[in-house]
file protein33.pdb (PDB, C-alpha atoms)
ATOM      1  CA  ASN M 451      -9.475  18.263  -8.405
ATOM      2  CA  PRO M 452      -8.827  21.593  -6.622
ATOM      3  CA  TRP M 453     -12.328  22.821  -7.488
ATOM      4  CA  ASN M 454     -13.959  19.702  -6.039
ATOM      5  CA  PRO M 455     -11.860  16.798  -4.705
ATOM      6  CA  ALA M 456     -14.563  14.292  -5.639
ATOM      7  CA  HIS M 457     -13.819  14.865  -9.337
ATOM      8  CA  ILE M 458     -10.940  13.743 -11.544
ATOM      9  CA  THR M 459      -8.111  16.011 -12.681
ATOM     10  CA  GLY M 460      -7.724  14.441 -16.107
ATOM     11  CA  GLY M 461      -4.993  12.502 -17.832
ATOM     12  CA  SER M 462      -1.471  11.504 -17.030
ATOM     13  CA  SER M 463      -0.476  15.131 -16.352
ATOM     14  CA  SER M 464      -3.192  15.514 -13.735
ATOM     15  CA  GLY M 465      -0.716  16.444 -10.983
ATOM     16  CA  SER M 466       0.609  19.265 -13.134
ATOM     17  CA  GLY M 467      -2.891  20.583 -13.817
ATOM     18  CA  ALA M 468      -4.055  20.334 -10.217
ATOM     19  CA  SER M 469      -0.958  21.902  -8.669
ATOM     20  CA  THR M 470      -0.984  24.785 -11.134
ATOM     21  CA  ALA M 471      -4.702  25.452 -10.677
ATOM     22  CA  ALA M 472      -4.326  25.326  -6.901
ATOM     23  CA  GLY M 473      -1.566  27.945  -7.013
ATOM     24  CA  CYS M 474       1.112  25.599  -5.674
ATOM     25  CA  VAL M 475       3.392  26.274  -8.660
ATOM     26  CA  TYR M 476       3.800  28.921 -11.367
ATOM     27  CA  GLY M 477       3.483  26.279 -14.068
ATOM     28  CA  ALA M 478       4.296  22.642 -14.703
ATOM     29  CA  LEU M 479       5.234  20.297 -17.507
ATOM     30  CA  GLY M 480       2.738  17.913 -18.991
ATOM     31  CA  SER M 481       2.945  15.199 -21.613
ATOM     32  CA  ASP M 482       0.261  14.849 -24.260
ATOM     33  CA  THR M 483      -0.131  11.607 -26.201
ATOM     34  CA  GLY M 484      -3.897  11.707 -26.600
ATOM     35  CA  GLY M 485      -4.957  14.704 -24.528
ATOM     36  CA  SER M 486      -3.008  14.721 -21.283
ATOM     37  CA  ILE M 487      -2.050  18.390 -21.443
ATOM     38  CA  ARG M 488      -5.410  19.652 -22.653
ATOM     39  CA  LEU M 489      -7.565  17.433 -20.426
ATOM     40  CA  PRO M 490      -6.037  18.521 -17.084
ATOM     41  CA  ALA M 491      -6.188  22.109 -18.367
ATOM     42  CA  SER M 492      -9.912  21.761 -19.046
ATOM     43  CA  PHE M 493     -10.791  19.857 -15.885
ATOM     44  CA  CYS M 494      -8.687  22.049 -13.579
ATOM     45  CA  GLY M 495      -9.194  25.458 -15.215
ATOM     46  CA  THR M 496      -5.665  26.118 -16.470
ATOM     47  CA  VAL M 497      -4.037  26.836 -19.820
ATOM     48  CA  GLY M 498      -2.209  24.043 -21.658
ATOM     49  CA  ILE M 499      -0.252  24.184 -24.906
ATOM     50  CA  MET M 500       0.427  21.078 -26.973
ATOM     51  CA  ALA M 501       2.839  22.368 -29.593
ATOM     52  CA  THR M 502       3.555  20.852 -32.992
ATOM     53  CA  PRO M 503       5.637  17.634 -32.869
ATOM     54  CA  GLY M 504       9.313  18.531 -32.935
ATOM     55  CA  ARG M 505       8.816  21.906 -31.302
ATOM     56  CA  VAL M 506       9.783  20.713 -27.794
ATOM     57  CA  SER M 507      12.355  18.090 -26.852
ATOM     58  CA  ARG M 508      11.091  14.890 -25.266
ATOM     59  CA  ALA M 509      14.506  13.872 -23.933
ATOM     60  CA  GLY M 510      14.188  12.589 -20.382
ATOM     61  CA  ALA M 511      10.423  12.140 -20.528
ATOM     62  CA  MET M 512       8.998   8.692 -19.834
ATOM     63  CA  PRO M 513       7.886   7.422 -23.267
ATOM     64  CA  LEU M 514       4.459   6.008 -23.979
ATOM     65  CA  SER M 515       4.044   6.333 -27.751
ATOM     66  CA  HIS M 516       7.149   7.506 -29.587
ATOM     67  CA  SER M 517       5.288   8.913 -32.588
ATOM     68  CA  LEU M 518       2.583  10.674 -30.545
ATOM     69  CA  ASP M 519       4.182  11.884 -27.295
ATOM     70  CA  ARG M 520       4.570  15.642 -26.832
ATOM     71  CA  VAL M 521       5.778  17.726 -23.897
ATOM     72  CA  GLY M 522       4.442  21.165 -22.989
ATOM     73  CA  PRO M 523       3.529  23.497 -20.130
ATOM     74  CA  LEU M 524       0.378  23.975 -18.097
ATOM     75  CA  THR M 525      -0.005  27.459 -16.632
ATOM     76  CA  ARG M 526      -2.638  29.826 -15.266
ATOM     77  CA  THR M 527      -2.477  32.281 -18.175
ATOM     78  CA  VAL M 528      -1.756  32.198 -21.908
ATOM     79  CA  GLU M 529       1.046  34.692 -21.338
ATOM     80  CA  ASP M 530       2.709  32.307 -18.888
ATOM     81  CA  ALA M 531       2.358  29.457 -21.398
ATOM     82  CA  ALA M 532       4.061  31.543 -24.087
ATOM     83  CA  GLN M 533       6.885  32.413 -21.690
ATOM     84  CA  LEU M 534       7.469  28.776 -20.791
ATOM     85  CA  LEU M 535       7.227  27.486 -24.350
ATOM     86  CA  ALA M 536       9.824  30.074 -25.360
ATOM     87  CA  VAL M 537      12.201  28.420 -22.890
ATOM     88  CA  LEU M 538      11.298  24.845 -23.831
ATOM     89  CA  ALA M 539      11.240  25.101 -27.624
ATOM     90  CA  GLY M 540      14.205  24.579 -29.903
ATOM     91  CA  ALA M 541      16.774  22.064 -31.036
ATOM     92  CA  ASP M 542      18.150  19.468 -28.617
ATOM     93  CA  ALA M 543      21.011  17.114 -29.415
ATOM     94  CA  ASP M 544      19.425  14.548 -27.068
ATOM     95  CA  ASP M 545      16.240  14.445 -29.161
ATOM     96  CA  PRO M 546      16.960  14.183 -32.906
ATOM     97  CA  THR M 547      13.255  14.587 -33.703
ATOM     98  CA  CYS M 548      13.387  18.254 -32.668
ATOM     99  CA  GLU M 549      13.223  21.010 -35.246
ATOM    100  CA  THR M 550      16.645  22.548 -35.860
ATOM    101  CA  GLN M 551      15.316  25.957 -36.881
ATOM    102  CA  ALA M 552      14.944  28.576 -34.177
ATOM    103  CA  PRO M 553      11.349  28.897 -32.915
ATOM    104  CA  PRO M 554       9.388  32.117 -33.408
ATOM    105  CA  ASP M 555       8.985  34.721 -30.665
ATOM    106  CA  PHE M 556       5.980  33.336 -28.806
ATOM    107  CA  VAL M 557       5.890  36.221 -26.334
ATOM    108  CA  ALA M 558       5.865  38.861 -29.083
ATOM    109  CA  ALA M 559       2.952  37.013 -30.679
ATOM    110  CA  LEU M 560       0.778  37.945 -27.712
ATOM    111  CA  LYS M 561       0.644  41.513 -29.023
ATOM    112  CA  GLN M 562      -0.640  40.547 -32.455
ATOM    113  CA  SER M 563      -4.086  41.846 -33.383
ATOM    114  CA  VAL M 564      -6.766  39.200 -33.759
ATOM    115  CA  LYS M 565      -9.017  41.456 -35.817
ATOM    116  CA  GLY M 566      -9.930  39.733 -39.060
ATOM    117  CA  LEU M 567      -8.642  36.314 -38.012
ATOM    118  CA  ARG M 568     -11.013  33.559 -39.088
ATOM    119  CA  ILE M 569     -12.120  31.164 -36.354
ATOM    120  CA  GLY M 570     -13.837  27.995 -37.511
ATOM    121  CA  ARG M 571     -16.704  26.354 -35.667
ATOM    122  CA  PRO M 572     -16.914  22.672 -36.687
ATOM    123  CA  ALA M 573     -20.252  21.527 -38.034
ATOM    124  CA  ARG M 574     -19.814  17.937 -36.877
ATOM    125  CA  TYR M 575     -17.948  15.503 -34.642
ATOM    126  CA  PHE M 576     -16.948  17.943 -31.867
ATOM    127  CA  TYR M 577     -20.568  18.759 -30.985
ATOM    128  CA  ASP M 578     -22.251  15.476 -31.926
ATOM    129  CA  ASN M 579     -22.799  14.410 -28.311
ATOM    130  CA  ALA M 580     -21.991  17.607 -26.431
ATOM    131  CA  ASP M 581     -23.833  18.546 -23.252
ATOM    132  CA  ALA M 582     -25.895  21.718 -23.347
ATOM    133  CA  GLY M 583     -23.610  23.371 -20.799
ATOM    134  CA  ILE M 584     -20.562  22.758 -22.988
ATOM    135  CA  ILE M 585     -22.264  24.207 -26.063
ATOM    136  CA  GLU M 586     -23.304  27.268 -24.067
ATOM    137  CA  ARG M 587     -19.745  27.960 -22.904
ATOM    138  CA  MET M 588     -18.323  27.416 -26.395
ATOM    139  CA  ASP M 589     -20.851  29.769 -27.983
ATOM    140  CA  ALA M 590     -20.147  32.403 -25.340
ATOM    141  CA  SER M 591     -16.406  32.214 -26.023
ATOM    142  CA  LEU M 592     -17.026  32.630 -29.753
ATOM    143  CA  GLU M 593     -19.084  35.731 -29.008
ATOM    144  CA  VAL M 594     -16.077  37.182 -27.166
ATOM    145  CA  PHE M 595     -13.954  36.621 -30.262
ATOM    146  CA  ARG M 596     -16.602  38.334 -32.386
ATOM    147  CA  ARG M 597     -16.410  41.402 -30.153
ATOM    148  CA  LEU M 598     -12.637  41.362 -30.526
ATOM    149  CA  GLY M 599     -12.995  41.582 -34.294
ATOM    150  CA  ALA M 600     -12.417  37.967 -35.296
ATOM    151  CA  VAL M 601     -14.620  36.408 -37.951
ATOM    152  CA  ILE M 602     -16.520  33.235 -37.024
ATOM    153  CA  VAL M 603     -17.067  30.826 -39.897
ATOM    154  CA  ASP M 604     -18.704  27.411 -40.070
ATOM    155  CA  VAL M 605     -16.415  24.645 -41.301
ATOM    156  CA  ASP M 606     -17.067  21.011 -42.116
ATOM    157  CA  PRO M 607     -14.055  18.913 -41.124
ATOM    158  CA  PRO M 608     -13.756  15.325 -42.343
ATOM    159  CA  ASP M 609     -15.299  12.711 -40.109
ATOM    160  CA  LEU M 610     -12.681  12.078 -37.435
ATOM    161  CA  THR M 611     -14.006   8.720 -36.252
ATOM    162  CA  ALA M 612     -11.487   6.767 -38.330
ATOM    163  CA  VAL M 613      -8.720   9.145 -37.235
ATOM    164  CA  GLY M 614      -9.546   8.485 -33.587
ATOM    165  CA  ALA M 615      -9.487   4.744 -34.256
ATOM    166  CA  ALA M 616      -6.089   5.044 -35.965
ATOM    167  CA  TRP M 617      -4.792   6.887 -32.914
ATOM    168  CA  SER M 618      -5.886   3.979 -30.722
ATOM    169  CA  ILE M 619      -3.998   1.482 -32.888
ATOM    170  CA  VAL M 620      -0.801   3.541 -32.971
ATOM    171  CA  ALA M 621      -0.857   4.485 -29.296
ATOM    172  CA  GLY M 622      -1.801   0.978 -28.184
ATOM    173  CA  SER M 623       0.915  -0.707 -30.248
ATOM    174  CA  GLU M 624       3.688   1.678 -29.263
ATOM    175  CA  ALA M 625       2.743   1.711 -25.584
ATOM    176  CA  ALA M 626       2.686  -2.090 -25.487
ATOM    177  CA  ALA M 627       6.155  -2.154 -27.056
ATOM    178  CA  VAL M 628       7.520   0.175 -24.360
ATOM    179  CA  HIS M 629       5.944  -1.717 -21.466
ATOM    180  CA  SER M 630       5.920  -5.323 -22.708
ATOM    181  CA  ASN M 631       8.895  -6.518 -20.664
ATOM    182  CA  TRP M 632       7.674  -4.839 -17.481
ATOM    183  CA  LEU M 633       4.164  -6.215 -17.989
ATOM    184  CA  ARG M 634       5.598  -9.724 -18.071
ATOM    185  CA  GLU M 635       8.120  -9.287 -15.270
ATOM    186  CA  ARG M 636       6.260  -7.046 -12.818
ATOM    187  CA  PRO M 637       2.536  -6.843 -13.659
ATOM    188  CA  GLN M 638       1.704  -6.208 -10.007
ATOM    189  CA  ASP M 639       3.320  -2.762 -10.272
ATOM    190  CA  TYR M 640       0.580  -1.581 -12.651
ATOM    191  CA  SER M 641      -2.924  -0.567 -11.655
ATOM    192  CA  GLU M 642      -5.673  -2.834 -12.958
ATOM    193  CA  GLN M 643      -6.932  -0.155 -15.327
ATOM    194  CA  LEU M 644      -3.532   0.648 -16.824
ATOM    195  CA  ARG M 645      -2.497  -2.998 -17.068
ATOM    196  CA  THR M 646      -5.672  -3.768 -19.016
ATOM    197  CA  ARG M 647      -5.163  -0.858 -21.418
ATOM    198  CA  LEU M 648      -1.525  -1.718 -22.103
ATOM    199  CA  ALA M 649      -2.189  -5.445 -22.558
ATOM    200  CA  GLN M 650      -4.696  -4.720 -25.311
ATOM    201  CA  GLY M 651      -1.884  -3.266 -27.416
ATOM    202  CA  LEU M 652      -0.110  -6.619 -27.462
ATOM    203  CA  ALA M 653      -2.947  -8.060 -29.535
ATOM    204  CA  ILE M 654      -2.823  -5.458 -32.323
ATOM    205  CA  PRO M 655      -1.542  -6.982 -35.622
ATOM    206  CA  ALA M 656       1.547  -5.414 -37.166
ATOM    207  CA  ALA M 657      -0.326  -4.795 -40.417
ATOM    208  CA  ALA M 658      -2.956  -2.761 -38.575
ATOM    209  CA  TYR M 659      -0.246  -0.657 -36.930
ATOM    210  CA  VAL M 660       1.527   0.025 -40.245
ATOM    211  CA  ASN M 661      -1.728   0.948 -41.958
ATOM    212  CA  ALA M 662      -2.619   3.310 -39.110
ATOM    213  CA  LEU M 663       0.725   5.057 -39.557
ATOM    214  CA  ARG M 664       0.208   5.302 -43.323
ATOM    215  CA  LEU M 665      -3.175   6.955 -42.853
ATOM    216  CA  ARG M 666      -1.693   9.926 -40.990
ATOM    217  CA  GLY M 667      -0.385  11.874 -43.992
ATOM    218  CA  PRO M 668      -3.543  11.637 -46.111
ATOM    219  CA  ALA M 669      -5.729  12.335 -43.069
ATOM    220  CA  LEU M 670      -3.726  15.449 -42.206
ATOM    221  CA  GLY M 671      -3.931  16.674 -45.777
ATOM    222  CA  ALA M 672      -7.684  16.155 -45.949
ATOM    223  CA  PHE M 673      -8.212  17.896 -42.606
ATOM    224  CA  CYS M 674      -6.084  20.920 -43.527
ATOM    225  CA  ASP M 675      -7.774  21.234 -46.929
ATOM    226  CA  ALA M 676     -11.255  21.146 -45.411
ATOM    227  CA  VAL M 677     -10.561  23.316 -42.370
ATOM    228  CA  PHE M 678      -7.636  25.666 -42.887
ATOM    229  CA  SER M 679      -8.690  26.638 -46.396
ATOM    230  CA  LYS M 680     -11.621  28.389 -44.683
ATOM    231  CA  CYS M 681     -10.244  29.496 -41.328
ATOM    232  CA  ASP M 682      -7.020  30.285 -39.495
ATOM    233  CA  VAL M 683      -7.856  28.383 -36.311
ATOM    234  CA  LEU M 684     -10.406  25.710 -35.419
ATOM    235  CA  HIS M 685     -12.343  26.305 -32.193
ATOM    236  CA  ALA M 686     -13.774  23.307 -30.321
ATOM    237  CA  PRO M 687     -14.386  21.971 -26.818
ATOM    238  CA  VAL M 688     -11.678  19.898 -25.148
ATOM    239  CA  VAL M 689     -14.298  17.585 -23.633
ATOM    240  CA  ASP M 690     -17.975  17.423 -24.552
ATOM    241  CA  PHE M 691     -19.358  16.668 -21.078
ATOM    242  CA  ALA M 692     -18.894  17.760 -17.482
ATOM    243  CA  THR M 693     -15.884  16.589 -15.477
ATOM    244  CA  PRO M 694     -16.698  13.123 -14.116
ATOM    245  CA  THR M 695     -16.191  12.079 -10.524
ATOM    246  CA  ILE M 696     -13.443   9.748  -9.393
ATOM    247  CA  ALA M 697     -16.075   7.142  -8.561
ATOM    248  CA  GLU M 698     -17.433   7.264 -12.113
ATOM    249  CA  THR M 699     -14.015   6.432 -13.563
ATOM    250  CA  GLU M 700     -13.027   3.749 -11.038
ATOM    251  CA  VAL M 701     -14.803   0.942 -12.834
ATOM    252  CA  GLY M 702     -11.894  -1.474 -13.094
ATOM    253  CA  ASP M 703     -11.409  -3.845 -16.005
ATOM    254  CA  SER M 704     -14.777  -3.440 -17.680
ATOM    255  CA  PRO M 705     -16.471  -2.166 -20.837
ATOM    256  CA  GLU M 706     -17.708   0.790 -18.771
ATOM    257  CA  MET M 707     -14.112   1.757 -18.038
ATOM    258  CA  MET M 708     -13.167   1.756 -21.725
ATOM    259  CA  ALA M 709     -16.327   3.675 -22.648
ATOM    260  CA  ILE M 710     -15.756   6.543 -20.238
ATOM    261  CA  LEU M 711     -12.052   6.778 -21.058
ATOM    262  CA  GLY M 712     -12.923   6.782 -24.735
ATOM    263  CA  ARG M 713     -15.388   9.618 -24.291
ATOM    264  CA  ILE M 714     -12.970  11.694 -22.209
ATOM    265  CA  THR M 715     -10.343  11.632 -24.977
ATOM    266  CA  ARG M 716     -12.691  11.555 -27.980
ATOM    267  CA  LEU M 717     -12.100  15.199 -28.969
ATOM    268  CA  THR M 718      -8.391  15.292 -28.207
ATOM    269  CA  ARG M 719      -7.109  12.039 -29.758
ATOM    270  CA  PRO M 720      -7.608  13.037 -33.426
ATOM    271  CA  ILE M 721      -5.661  16.284 -32.973
ATOM    272  CA  SER M 722      -2.778  14.400 -31.381
ATOM    273  CA  TYR M 723      -2.752  11.871 -34.211
ATOM    274  CA  LEU M 724      -2.751  14.567 -36.906
ATOM    275  CA  GLY M 725       0.195  16.358 -35.287
ATOM    276  CA  LEU M 726      -1.512  19.731 -35.004
ATOM    277  CA  PRO M 727      -0.816  22.271 -32.248
ATOM    278  CA  ALA M 728      -3.623  23.010 -29.783
ATOM    279  CA  LEU M 729      -4.050  25.526 -26.975
ATOM    280  CA  ALA M 730      -6.532  24.810 -24.173
ATOM    281  CA  VAL M 731      -7.976  27.941 -22.551
ATOM    282  CA  PRO M 732     -10.585  28.080 -19.746
ATOM    283  CA  VAL M 733     -13.954  29.458 -20.875
ATOM    284  CA  GLY M 734     -15.976  29.377 -17.654
ATOM    285  CA  PHE M 735     -17.790  26.994 -15.377
ATOM    286  CA  LEU M 736     -20.435  24.328 -15.862
ATOM    287  CA  PRO M 737     -23.557  23.837 -13.709
ATOM    288  CA  ASN M 738     -21.617  21.414 -11.478
ATOM    289  CA  GLY M 739     -19.243  24.250 -10.524
ATOM    290  CA  LEU M 740     -16.220  22.862 -12.342
ATOM    291  CA  PRO M 741     -14.347  24.599 -15.168
ATOM    292  CA  THR M 742     -14.243  23.694 -18.833
ATOM    293  CA  ALA M 743     -12.085  24.830 -21.746
ATOM    294  CA  MET M 744     -11.943  25.417 -25.470
ATOM    295  CA  GLN M 745      -9.126  24.097 -27.605
ATOM    296  CA  LEU M 746      -7.811  26.367 -30.342
ATOM    297  CA  ILE M 747      -6.331  24.146 -33.055
ATOM    298  CA  GLY M 748      -3.892  25.575 -35.574
ATOM    299  CA  ARG M 749      -1.873  24.756 -38.629
ATOM    300  CA  PRO M 750       1.404  22.900 -38.013
ATOM    301  CA  PHE M 751       3.987  25.204 -36.384
ATOM    302  CA  ASP M 752       1.514  28.087 -36.035
ATOM    303  CA  GLU M 753       1.453  28.322 -32.250
ATOM    304  CA  THR M 754       1.818  32.114 -32.508
ATOM    305  CA  THR M 755      -1.724  32.544 -33.827
ATOM    306  CA  LEU M 756      -3.072  30.353 -31.028
ATOM    307  CA  PHE M 757      -1.273  32.460 -28.434
ATOM    308  CA  ALA M 758      -2.526  35.717 -29.955
ATOM    309  CA  LEU M 759      -6.131  34.536 -29.826
ATOM    310  CA  GLY M 760      -5.879  32.958 -26.385
ATOM    311  CA  HIS M 761      -4.217  36.042 -24.890
ATOM    312  CA  ALA M 762      -6.802  38.365 -26.448
ATOM    313  CA  TYR M 763      -9.583  36.189 -25.038
ATOM    314  CA  GLN M 764      -8.098  36.341 -21.544
ATOM    315  CA  GLY M 765      -7.733  40.094 -21.864
ATOM    316  CA  ALA M 766     -11.494  40.315 -22.434
ATOM    317  CA  THR M 767     -12.564  37.801 -19.751
ATOM    318  CA  ASP M 768     -11.638  36.982 -16.169
ATOM    319  CA  TRP M 769     -12.042  33.209 -15.997
ATOM    320  CA  HIS M 770      -8.272  32.752 -15.594
ATOM    321  CA  GLN M 771      -8.352  34.983 -12.516
ATOM    322  CA  ARG M 772     -10.753  32.741 -10.624
ATOM    323  CA  GLU M 773      -9.181  30.514  -7.986
ATOM    324  CA  PRO M 774     -10.445  27.425  -6.183
ATOM    325  CA  ALA M 775     -11.048  27.687  -2.438
ATOM    326  CA  ARG M 776      -7.988  26.959  -0.326
TER     327      ARG M 776
END
call {"tool": "encode", "arguments": {"input": "protein33.pdb", "output": "structure tokens"}}
result
Amino acid sequence: NPWNPAHITGGSSSGSGASTAAGCVYGALGSDTGGSIRLPASFCGTVGIMATPGRVSRAGAMPLSHSLDRVGPLTRTVEDAAQLLAVLAGADADDPTCETQAPPDFVAALKQSVKGLRIGRPARYFYDNADAGIIERMDASLEVFRRLGAVIVDVDPPDLTAVGAAWSIVAGSEAAAVHSNWLRERPQDYSEQLRTRLAQGLAIPAAAYVNALRLRGPALGAFCDAVFSKCDVLHAPVVDFATPTIAETEVGDSPEMMAILGRITRLTRPISYLGLPALAVPVGFLPNGLPTAMQLIGRPFDETTLFALGHAYQGATDWHQREPAR
């Protein structure tokens, strides 16, 4: 991690997050199946946009879970993220899952007023086990939005525990399908941790996988009814605890390994499963000196509202201008 090399950079797009935060590159591509755009953004202090499924082509990207994988940019500012998404978004003959309609003008959306927009603060799940430092940074970011004229409302989303479990079934099954031949033929090429995680997917029954897929539509409907009937955007932490060290996550094939990985992705997995867009934006630093981020979660295909809010927030704060020591 460029802020402290003893700590992790977060997720399978960690190189993209670290290199962008360190100023090595203008921006980089990430892939988000369960949080791997938003997690490096939070841990490294960058912006990351996971757009709605179908917004960005996945052609050429190494697959992990065909129904969950998404590609998007990590950048140092929301404006940069909007610029890059404007280039990435749109139809692609090499990816038939892409939307054929032209995307909106993401850059123009940065100029939209946020006055009167309703920002929801979830009453449960996202703060159930949150560290005090995380809550403090989230509350401070909401106060910035209040000063900008947004309206903060309390919302009560459905319990997302079952949604997170469904994500695990879908992601585990689809990842095992992609890697099954390689796991048999060349297991030594996988790290112990990754080999263990992928092998677990081979034991998931087909009926459980199908039922997890069937749950997605009703779960999305229930979430949108409960949340977006009361607000325009849901505001929540990306991670509910401070960035762990590398040593804390190098626990091999053990229950401790699964527990810490599960906690790292607990707040990001449900949003991936539901197919909602989410923008991670840095909101300051924790007592350990490392950054953390909020995720702004929107209605399907409403990335423009996320960009408007994120850009307004960065116009009123200077967290995105901080740089790690070089």
call {"tool": "residues_around", "arguments": {"input": "protein33.pdb", "residues": "Ala539 in chain M", "least_positions_apart": "5", "cutoff": "12 Å", "atoms": "only C-alpha atoms", "output": "JSON, numbers by chain"}}
result
{"M": [499, 500, 501, 502, 503, 504, 505, 506, 507, 508, 520, 521, 522, 523, 531, 532, 533, 534, 545, 548, 549, 550, 551, 552, 553, 554, 555, 556, 751, 753]}
call {"tool": "closest_atom_pairs", "arguments": {"input": "protein33.pdb", "of": "range 584-672 of chain M", "to": "range 682-689 of chain M", "cutoff": "9 Å", "atoms": "only C-alpha atoms", "output": "Markdown table"}}
result
| residue | atom | partner | partner_atom | distance |
| --- | --- | --- | --- | --- |
| M:Ile584 | CA | M:Pro687 | CA | 7.3 |
| M:Ile585 | CA | M:Pro687 | CA | 8.2 |
| M:Arg587 | CA | M:Pro687 | CA | 8.9 |
| M:Met588 | CA | M:Pro687 | CA | 6.7 |
| M:Leu592 | CA | M:His685 | CA | 8.2 |
| M:Val605 | CA | M:Leu684 | CA | 8.5 |
call {"tool": "closest_atom_pairs", "arguments": {"input": "protein33.pdb", "of": "range 647-734 of chain M", "to": "range 740-744 of chain M", "cutoff": "10 Å", "atoms": "all atoms listed in the file", "output": "JSON lines"}}
result
{"residue": "M:His685", "atom": "CA", "partner": "M:Met744", "partner_atom": "CA", "distance": 6.8}
{"residue": "M:Ala686", "atom": "CA", "partner": "M:Met744", "partner_atom": "CA", "distance": 5.6}
{"residue": "M:Pro687", "atom": "CA", "partner": "M:Met744", "partner_atom": "CA", "distance": 4.4}
{"residue": "M:Val688", "atom": "CA", "partner": "M:Met744", "partner_atom": "CA", "distance": 5.5}
{"residue": "M:Val689", "atom": "CA", "partner": "M:Thr742", "partner_atom": "CA", "distance": 7.8}
{"residue": "M:Asp690", "atom": "CA", "partner": "M:Thr742", "partner_atom": "CA", "distance": 9.3}
{"residue": "M:Phe691", "atom": "CA", "partner": "M:Thr742", "partner_atom": "CA", "distance": 9.0}
{"residue": "M:Ala692", "atom": "CA", "partner": "M:Thr742", "partner_atom": "CA", "distance": 7.7}
{"residue": "M:Thr693", "atom": "CA", "partner": "M:Leu740", "partner_atom": "CA", "distance": 7.0}
{"residue": "M:Pro694", "atom": "CA", "partner": "M:Leu740", "partner_atom": "CA", "distance": 9.9}
{"residue": "M:Ala728", "atom": "CA", "partner": "M:Met744", "partner_atom": "CA", "distance": 9.7}
{"residue": "M:Leu729", "atom": "CA", "partner": "M:Met744", "partner_atom": "CA", "distance": 8.0}
{"residue": "M:Ala730", "atom": "CA", "partner": "M:Met744", "partner_atom": "CA", "distance": 5.6}
{"residue": "M:Val731", "atom": "CA", "partner": "M:Ala743", "partner_atom": "CA", "distance": 5.2}
{"residue": "M:Pro732", "atom": "CA", "partner": "M:Ala743", "partner_atom": "CA", "distance": 4.1}
{"residue": "M:Val733", "atom": "CA", "partner": "M:Ala743", "partner_atom": "CA", "distance": 5.1}
{"residue": "M:Gly734", "atom": "CA", "partner": "M:Pro741", "partner_atom": "CA", "distance": 5.6}
call {"tool": "write_last_selection", "arguments": {"input": "protein33.pdb", "atoms": "C-alpha atoms", "output": "PDB file, in the frame of the given file"}}
result
ATOM      1  CA  HIS M 685     -12.343  26.305 -32.193  1.00  0.00           C
ATOM      2  CA  ALA M 686     -13.774  23.307 -30.321  1.00  0.00           C
ATOM      3  CA  PRO M 687     -14.386  21.971 -26.818  1.00  0.00           C
ATOM      4  CA  VAL M 688     -11.678  19.898 -25.148  1.00  0.00           C
ATOM      5  CA  VAL M 689     -14.298  17.585 -23.633  1.00  0.00           C
ATOM      6  CA  ASP M 690     -17.975  17.423 -24.552  1.00  0.00           C
ATOM      7  CA  PHE M 691     -19.358  16.668 -21.078  1.00  0.00           C
ATOM      8  CA  ALA M 692     -18.894  17.760 -17.482  1.00  0.00           C
ATOM      9  CA  THR M 693     -15.884  16.589 -15.477  1.00  0.00           C
ATOM     10  CA  PRO M 694     -16.698  13.123 -14.116  1.00  0.00           C
ATOM     11  CA  ALA M 728      -3.623  23.010 -29.783  1.00  0.00           C
ATOM     12  CA  LEU M 729      -4.050  25.526 -26.975  1.00  0.00           C
ATOM     13  CA  ALA M 730      -6.532  24.810 -24.173  1.00  0.00           C
ATOM     14  CA  VAL M 731      -7.976  27.941 -22.551  1.00  0.00           C
ATOM     15  CA  PRO M 732     -10.585  28.080 -19.746  1.00  0.00           C
ATOM     16  CA  VAL M 733     -13.954  29.458 -20.875  1.00  0.00           C
ATOM     17  CA  GLY M 734     -15.976  29.377 -17.654  1.00  0.00           C
TER      18      GLY M 734
END
call {"tool": "atom_distance", "arguments": {"input": "protein33.pdb", "atom1": "CA of Glu700 in chain M", "atom2": "CA of Tyr577 in chain M"}}
result
26.1 Å
call {"tool": "atom_distance", "arguments": {"input": "protein33.pdb", "atom1": "CA of Ala657 in chain M", "atom2": "CA of Ser623 in chain M"}}
result
11.0 Å
call {"tool": "atom_distance", "arguments": {"input": "protein33.pdb", "atom1": "CA of His629 in chain M", "atom2": "CA of Leu518 in chain M"}}
result
15.7 Å
call {"tool": "residues_around", "arguments": {"input": "protein33.pdb", "residues": "Thr695 in chain M", "least_positions_apart": "4", "cutoff": "9 Å", "atoms": "all atoms listed in the file", "output": "short mmCIF file (atom, residue, chain, number, x, y, z; two decimals) with C-alpha atoms, keeping the file's coordinate frame"}}
result
data_model
loop_
_atom_site.label_atom_id
_atom_site.label_comp_id
_atom_site.auth_asym_id
_atom_site.auth_seq_id
_atom_site.Cartn_x
_atom_site.Cartn_y
_atom_site.Cartn_z
CA PRO M 455 -11.86 16.80 -4.70
CA ALA M 456 -14.56 14.29 -5.64
CA HIS M 457 -13.82 14.86 -9.34
CA ILE M 458 -10.94 13.74 -11.54
CA THR M 699 -14.02 6.43 -13.56
CA GLU M 700 -13.03 3.75 -11.04
#
call {"tool": "resolve_selection", "arguments": {"input": "protein33.pdb", "expression": "the PyMOL selection byres ((chain M and resi 672) around 12)", "output": "ChimeraX atom specification"}}
result
/M:606-610,613,665-671,673-679,724
call {"tool": "closest_residue", "arguments": {"input": "protein33.pdb", "among": "M:Pro452, M:Gly495, M:Gly460, M:Gly484", "to": "Asp768 in chain M", "atoms": "only C-alpha atoms"}}
result
M:Gly495
call {"tool": "closest_residue", "arguments": {"input": "protein33.pdb", "among": "M:Thr547, M:Cys681, M:Leu514, M:Ala559", "to": "Ser630 in chain M", "atoms": "all atoms listed in the file"}}
result
M:Leu514
call {"tool": "resolve_selection", "arguments": {"input": "protein33.pdb", "expression": "the PyMOL selection byres ((chain M and resi 526) around 9)", "output": "ChimeraX atom specification"}}
result
/M:470-471,473,476-477,495-498,524-525,527-531,770-771
